[in-house]
Amino acid sequence: MFKFNALIPELSVSDINRSLYFYLNILSFKLEYERKEDKFALLSLNDSQIMIEEINRYWETGNLSYPFGRGINFQIEVDNIDELYKNIKTNDYSIKIEIQENWYRVHNKLMGQKEFLIMDPDGYLLRFAQNLGEKEYRLDINY
């Protein structure tokens, strides 16, 4: 039986077929199920899940205009970021922020990740990240 995450963002999209192509063929998400009559799909990649549904005016809280999802980015953890990045480049898809290594302080540790950002066809900002582990945070070092 399919297990739903406790939090699953649902993205309103302008064209369900264009979004399905992008998520399934370029990003290698898996189609868990869809309701074609509702232009709806639930997708997964590793432990991440998203729902996409073509705009239907039901869930709309305001006027939607590109880029959708202003003010939010969705971090999606992946196991092989280099392979995903290469596939995006092979498909000549635009990269918003090129692949890089970043370390973020969490209490007295630094958590590392290799990451890059792209925008989906409707402008939702997606940050793909691969865990690089952790190291001790020291005040005497300028990170």
# chains A, B, ... in the order shown; residues from 1 in each chain; ligands from 1
call {"tool": "residues_around", "arguments": {"residues": "Leu27 in chain A", "least_positions_apart": "4", "cutoff": "8 Å", "atoms": "only C-alpha atoms", "output": "list in words"}}
result
Phe22, Tyr23, Leu84, Asn87 and Ile88 of chain A
call {"tool": "closest_atom_pairs", "arguments": {"of": "range 15-121 of chain A", "to": "range 128-139 of chain A", "cutoff": "8 Å", "atoms": "only C-alpha atoms", "output": "CSV"}}
result
residue,atom,partner,partner_atom,distance
A:Gln75,CA,A:Phe128,CA,5.8
A:Ile76,CA,A:Phe128,CA,4.9
A:Glu77,CA,A:Ala129,CA,4.9
A:Val78,CA,A:Gln130,CA,5.4
A:Asp79,CA,A:Gln130,CA,6.0
A:Asn80,CA,A:Gln130,CA,7.0
A:Ile81,CA,A:Gln130,CA,6.0
A:Arg105,CA,A:Tyr137,CA,7.0
A:Asn108,CA,A:Tyr137,CA,5.3
A:Lys109,CA,A:Glu136,CA,4.7
A:Leu110,CA,A:Lys135,CA,5.2
A:Met111,CA,A:Glu134,CA,4.5
A:Gly112,CA,A:Leu132,CA,4.8
A:Gln113,CA,A:Asn131,CA,4.6
A:Lys114,CA,A:Gln130,CA,5.2
A:Glu115,CA,A:Ala129,CA,4.3
A:Phe116,CA,A:Phe128,CA,5.6
A:Leu117,CA,A:Phe128,CA,6.3
call {"tool": "residues_around", "arguments": {"residues": "Asn17 in chain A", "least_positions_apart": "6", "cutoff": "12 Å", "atoms": "only C-alpha atoms", "output": "JSON, numbers by chain"}}
result
{"A": [23, 24, 25, 34, 36, 39, 40, 41, 52, 53, 54, 121]}
call {"tool": "select_by_dssp", "arguments": {"residues": "chain A", "states": "strand (DSSP E)", "output": "CSV table (one decimal) with N, CA and C atoms, in the first residue's frame"}}
result
chain,number,residue,atom,x,y,z
A,10,GLU,N,0.7,20.6,-2.8
A,10,GLU,CA,0.0,20.5,-4.0
A,10,GLU,C,0.2,21.7,-4.8
A,11,LEU,N,0.7,21.6,-6.0
A,11,LEU,CA,1.1,22.7,-6.9
A,11,LEU,C,0.0,22.9,-8.0
A,12,SER,N,-0.5,24.1,-8.1
A,12,SER,CA,-1.4,24.4,-9.2
A,12,SER,C,-0.5,24.6,-10.4
A,13,VAL,N,-0.8,24.0,-11.5
A,13,VAL,CA,0.0,24.1,-12.8
A,13,VAL,C,-0.9,24.5,-13.9
A,30,LYS,N,8.5,9.7,-10.1
A,30,LYS,CA,7.7,8.5,-10.3
A,30,LYS,C,6.2,8.9,-10.2
A,31,LEU,N,5.4,8.5,-11.2
A,31,LEU,CA,4.0,8.7,-11.1
A,31,LEU,C,3.4,7.7,-10.2
A,32,GLU,N,2.9,8.1,-9.0
A,32,GLU,CA,2.3,7.2,-8.1
A,32,GLU,C,0.9,6.9,-8.5
A,33,TYR,N,0.1,7.9,-8.8
A,33,TYR,CA,-1.2,7.7,-9.4
A,33,TYR,C,-1.7,9.0,-9.9
A,34,GLU,N,-2.7,8.9,-10.8
A,34,GLU,CA,-3.3,10.2,-11.3
A,34,GLU,C,-4.8,10.0,-11.5
A,35,ARG,N,-5.5,11.1,-11.5
A,35,ARG,CA,-6.9,11.2,-11.9
A,35,ARG,C,-7.0,12.1,-13.1
A,40,PHE,N,-5.0,15.7,-12.4
A,40,PHE,CA,-4.3,15.6,-11.1
A,40,PHE,C,-3.4,14.4,-11.1
A,41,ALA,N,-2.2,14.6,-10.4
A,41,ALA,CA,-1.3,13.5,-10.3
A,41,ALA,C,-0.5,13.6,-9.0
A,42,LEU,N,-0.2,12.5,-8.4
A,42,LEU,CA,0.7,12.5,-7.2
A,42,LEU,C,2.0,11.9,-7.7
A,43,LEU,N,3.1,12.6,-7.4
A,43,LEU,CA,4.5,12.2,-7.9
A,43,LEU,C,5.4,12.0,-6.7
A,44,SER,N,6.4,11.1,-6.9
A,44,SER,CA,7.4,11.0,-5.8
A,44,SER,C,8.8,10.9,-6.4
A,45,LEU,N,9.8,11.2,-5.6
A,45,LEU,CA,11.2,11.1,-5.9
A,45,LEU,C,11.9,10.8,-4.6
A,48,SER,N,10.4,12.1,-1.2
A,48,SER,CA,9.7,13.4,-1.4
A,48,SER,C,8.4,13.1,-2.3
A,49,GLN,N,7.4,13.8,-1.9
A,49,GLN,CA,6.1,13.7,-2.7
A,49,GLN,C,5.6,15.1,-3.0
A,50,ILE,N,5.0,15.2,-4.2
A,50,ILE,CA,4.2,16.4,-4.5
A,50,ILE,C,3.0,16.0,-5.3
A,51,MET,N,2.0,16.8,-5.2
A,51,MET,CA,0.8,16.6,-6.0
A,51,MET,C,0.8,17.8,-7.0
A,52,ILE,N,0.4,17.6,-8.2
A,52,ILE,CA,0.2,18.6,-9.2
A,52,ILE,C,-1.2,18.5,-9.7
A,53,GLU,N,-1.9,19.7,-9.9
A,53,GLU,CA,-3.2,19.7,-10.5
A,53,GLU,C,-3.3,20.9,-11.4
A,54,GLU,N,-3.9,20.7,-12.6
A,54,GLU,CA,-4.1,21.9,-13.5
A,54,GLU,C,-5.1,22.8,-12.8
A,73,ASN,N,10.7,27.9,-1.8
A,73,ASN,CA,11.4,27.0,-2.6
A,73,ASN,C,11.3,25.6,-1.9
A,74,PHE,N,11.2,24.6,-2.7
A,74,PHE,CA,11.0,23.2,-2.2
A,74,PHE,C,12.3,22.5,-2.3
A,75,GLN,N,12.9,22.1,-1.2
A,75,GLN,CA,14.1,21.4,-1.1
A,75,GLN,C,13.8,19.9,-1.3
A,76,ILE,N,14.4,19.2,-2.3
A,76,ILE,CA,14.2,17.8,-2.5
A,76,ILE,C,15.5,17.1,-2.4
A,77,GLU,N,15.6,16.2,-1.5
A,77,GLU,CA,16.8,15.5,-1.3
A,77,GLU,C,16.9,14.3,-2.3
A,97,ILE,N,20.3,28.4,-10.2
A,97,ILE,CA,21.6,28.6,-9.4
A,97,ILE,C,22.3,27.3,-9.7
A,98,GLU,N,23.5,27.4,-10.2
A,98,GLU,CA,24.4,26.3,-10.6
A,98,GLU,C,24.7,25.5,-9.4
A,99,ILE,N,25.1,24.2,-9.7
A,99,ILE,CA,25.5,23.3,-8.6
A,99,ILE,C,26.6,23.8,-7.8
A,100,GLN,N,26.5,23.7,-6.4
A,100,GLN,CA,27.5,24.2,-5.5
A,100,GLN,C,27.4,23.5,-4.2
A,101,GLU,N,28.5,23.6,-3.4
A,101,GLU,CA,28.5,23.0,-2.1
A,101,GLU,C,28.2,24.1,-1.1
A,102,ASN,N,27.3,23.8,-0.2
A,102,ASN,CA,27.0,24.8,0.9
A,102,ASN,C,27.0,24.1,2.2
A,103,TRP,N,27.4,24.9,3.3
A,103,TRP,CA,27.4,24.4,4.7
A,103,TRP,C,26.5,25.3,5.5
A,104,TYR,N,25.5,24.8,6.2
A,104,TYR,CA,24.6,25.6,7.0
A,104,TYR,C,24.7,25.2,8.5
A,105,ARG,N,24.8,26.2,9.3
A,105,ARG,CA,25.0,26.0,10.7
A,105,ARG,C,23.6,25.5,11.3
A,106,VAL,N,23.7,24.4,12.1
A,106,VAL,CA,22.6,23.9,12.9
A,106,VAL,C,23.1,23.7,14.3
A,109,LYS,N,26.9,22.5,14.8
A,109,LYS,CA,27.4,21.7,13.7
A,109,LYS,C,27.2,22.4,12.4
A,110,LEU,N,27.9,22.1,11.4
A,110,LEU,CA,27.7,22.5,10.0
A,110,LEU,C,27.1,21.3,9.3
A,111,MET,N,26.0,21.5,8.6
A,111,MET,CA,25.4,20.5,7.8
A,111,MET,C,25.7,20.8,6.3
A,112,GLY,N,26.3,19.9,5.6
A,112,GLY,CA,26.7,20.2,4.2
A,112,GLY,C,25.8,19.6,3.2
A,113,GLN,N,25.6,20.3,2.1
A,113,GLN,CA,24.9,19.7,1.0
A,113,GLN,C,25.4,20.3,-0.3
A,114,LYS,N,25.4,19.4,-1.3
A,114,LYS,CA,25.6,19.9,-2.7
A,114,LYS,C,24.3,20.1,-3.3
A,115,GLU,N,24.1,21.3,-3.9
A,115,GLU,CA,22.7,21.7,-4.3
A,115,GLU,C,22.8,22.6,-5.5
A,116,PHE,N,21.6,22.6,-6.2
A,116,PHE,CA,21.3,23.6,-7.3
A,116,PHE,C,19.9,23.8,-7.3
A,117,LEU,N,19.5,25.0,-8.0
A,117,LEU,CA,18.1,25.3,-8.1
A,117,LEU,C,17.7,25.5,-9.5
A,118,ILE,N,16.4,25.1,-9.8
A,118,ILE,CA,15.8,25.3,-11.1
A,118,ILE,C,14.4,25.8,-10.8
A,119,MET,N,13.7,26.3,-11.8
A,119,MET,CA,12.3,26.6,-11.8
A,119,MET,C,11.6,25.7,-12.7
A,125,LEU,N,10.1,27.2,-7.6
A,125,LEU,CA,11.6,27.1,-7.3
A,125,LEU,C,11.8,25.7,-6.6
A,126,LEU,N,12.7,24.9,-7.3
A,126,LEU,CA,13.0,23.6,-6.8
A,126,LEU,C,14.5,23.6,-6.4
A,127,ARG,N,14.8,23.2,-5.2
A,127,ARG,CA,16.2,23.1,-4.8
A,127,ARG,C,16.5,21.6,-4.6
A,128,PHE,N,17.4,21.1,-5.4
A,128,PHE,CA,17.8,19.7,-5.3
A,128,PHE,C,19.1,19.6,-4.5
A,129,ALA,N,19.1,18.7,-3.5
A,129,ALA,CA,20.2,18.7,-2.5
A,129,ALA,C,20.6,17.3,-2.2
A,130,GLN,N,22.0,17.1,-2.1
A,130,GLN,CA,22.5,15.8,-1.7
A,130,GLN,C,23.3,16.0,-0.4
A,131,ASN,N,23.1,15.3,0.6
A,131,ASN,CA,23.7,15.4,1.9
A,131,ASN,C,25.2,15.1,1.8
A,132,LEU,N,26.0,16.0,2.4
A,132,LEU,CA,27.5,15.9,2.4
A,132,LEU,C,28.0,15.6,3.8
A,133,GLY,N,27.0,15.4,4.8
A,133,GLY,CA,27.4,15.1,6.1
A,133,GLY,C,27.5,16.3,7.0
A,134,GLU,N,28.3,16.2,8.1
A,134,GLU,CA,28.4,17.3,9.0
A,134,GLU,C,29.8,17.5,9.5
A,135,LYS,N,30.1,18.7,10.0
A,135,LYS,CA,31.3,18.9,10.7
A,135,LYS,C,31.1,19.9,11.8
A,136,GLU,N,32.1,20.1,12.7
A,136,GLU,CA,32.0,20.9,13.8
A,136,GLU,C,32.0,22.4,13.4
call {"tool": "select_by_dssp", "arguments": {"residues": "range 1-138 of chain A", "states": "helix (DSSP H, G or I)", "output": "list of chain:residue names"}}
result
A:Ile16, A:Asn17, A:Arg18, A:Ser19, A:Leu20, A:Tyr21, A:Phe22, A:Tyr23, A:Leu24, A:Asn25, A:Ile26, A:Lys36, A:Glu37, A:Asp38, A:Ile81, A:Asp82, A:Glu83, A:Leu84, A:Tyr85, A:Lys86, A:Asn87, A:Ile88, A:Lys89, A:Thr90
call {"tool": "write_last_selection", "arguments": {"atoms": "C-alpha atoms", "output": "PDB file, in the first residue's frame"}}
result
ATOM      1  CA  ILE A  16      -0.786  19.180 -16.533  1.00  0.00           C
ATOM      2  CA  ASN A  17       0.787  17.440 -19.546  1.00  0.00           C
ATOM      3  CA  ARG A  18       3.730  19.857 -19.719  1.00  0.00           C
ATOM      4  CA  SER A  19       4.299  19.497 -15.965  1.00  0.00           C
ATOM      5  CA  LEU A  20       4.046  15.703 -16.084  1.00  0.00           C
ATOM      6  CA  TYR A  21       6.610  15.587 -18.885  1.00  0.00           C
ATOM      7  CA  PHE A  22       8.970  17.842 -16.901  1.00  0.00           C
ATOM      8  CA  TYR A  23       8.688  15.977 -13.589  1.00  0.00           C
ATOM      9  CA  LEU A  24       8.666  12.454 -15.024  1.00  0.00           C
ATOM     10  CA  ASN A  25      11.097  12.721 -17.938  1.00  0.00           C
ATOM     11  CA  ILE A  26      13.545  15.450 -16.953  1.00  0.00           C
ATOM     12  CA  LYS A  36      -6.957  12.181 -15.510  1.00  0.00           C
ATOM     13  CA  GLU A  37     -10.546  13.437 -15.242  1.00  0.00           C
ATOM     14  CA  ASP A  38      -9.368  15.957 -12.608  1.00  0.00           C
ATOM     15  CA  ILE A  81      22.756  15.001  -7.594  1.00  0.00           C
ATOM     16  CA  ASP A  82      25.390  14.886 -10.328  1.00  0.00           C
ATOM     17  CA  GLU A  83      23.317  12.476 -12.422  1.00  0.00           C
ATOM     18  CA  LEU A  84      20.181  14.613 -12.045  1.00  0.00           C
ATOM     19  CA  TYR A  85      22.126  17.799 -12.852  1.00  0.00           C
ATOM     20  CA  LYS A  86      23.596  16.157 -15.962  1.00  0.00           C
ATOM     21  CA  ASN A  87      20.125  15.065 -17.128  1.00  0.00           C
ATOM     22  CA  ILE A  88      18.782  18.602 -16.718  1.00  0.00           C
ATOM     23  CA  LYS A  89      21.735  19.983 -18.701  1.00  0.00           C
ATOM     24  CA  THR A  90      21.295  17.267 -21.384  1.00  0.00           C
TER      25      THR A  90
END
call {"tool": "closest_residue", "arguments": {"among": "A:Gly123, A:Ser14, A:Gly69, A:Phe4", "to": "Ile55 in chain A", "atoms": "only C-alpha atoms"}}
result
A:Ser14
call {"tool": "atom_distance", "arguments": {"atom1": "CA of Asp122 in chain A", "atom2": "CA of Asp92 in chain A"}}
result
16.8 Å
call {"tool": "atom_distance", "arguments": {"atom1": "CA of Asn63 in chain A", "atom2": "CA of Ile95 in chain A"}}
result
26.4 Å
call {"tool": "closest_residue", "arguments": {"among": "A:Met1, A:Tyr124, A:Ala6, A:Arg57", "to": "Arg70 in chain A", "atoms": "only C-alpha atoms"}}
result
A:Tyr124
call {"tool": "atom_distance", "arguments": {"atom1": "CA of Asp120 in chain A", "atom2": "CA of Ile8 in chain A"}}
result
17.0 Å
call {"tool": "closest_residue", "arguments": {"among": "A:Ser94, A:Asp15, A:Phe29, A:Ser65", "to": "Asn46 in chain A", "atoms": "only C-alpha atoms"}}
result
A:Phe29
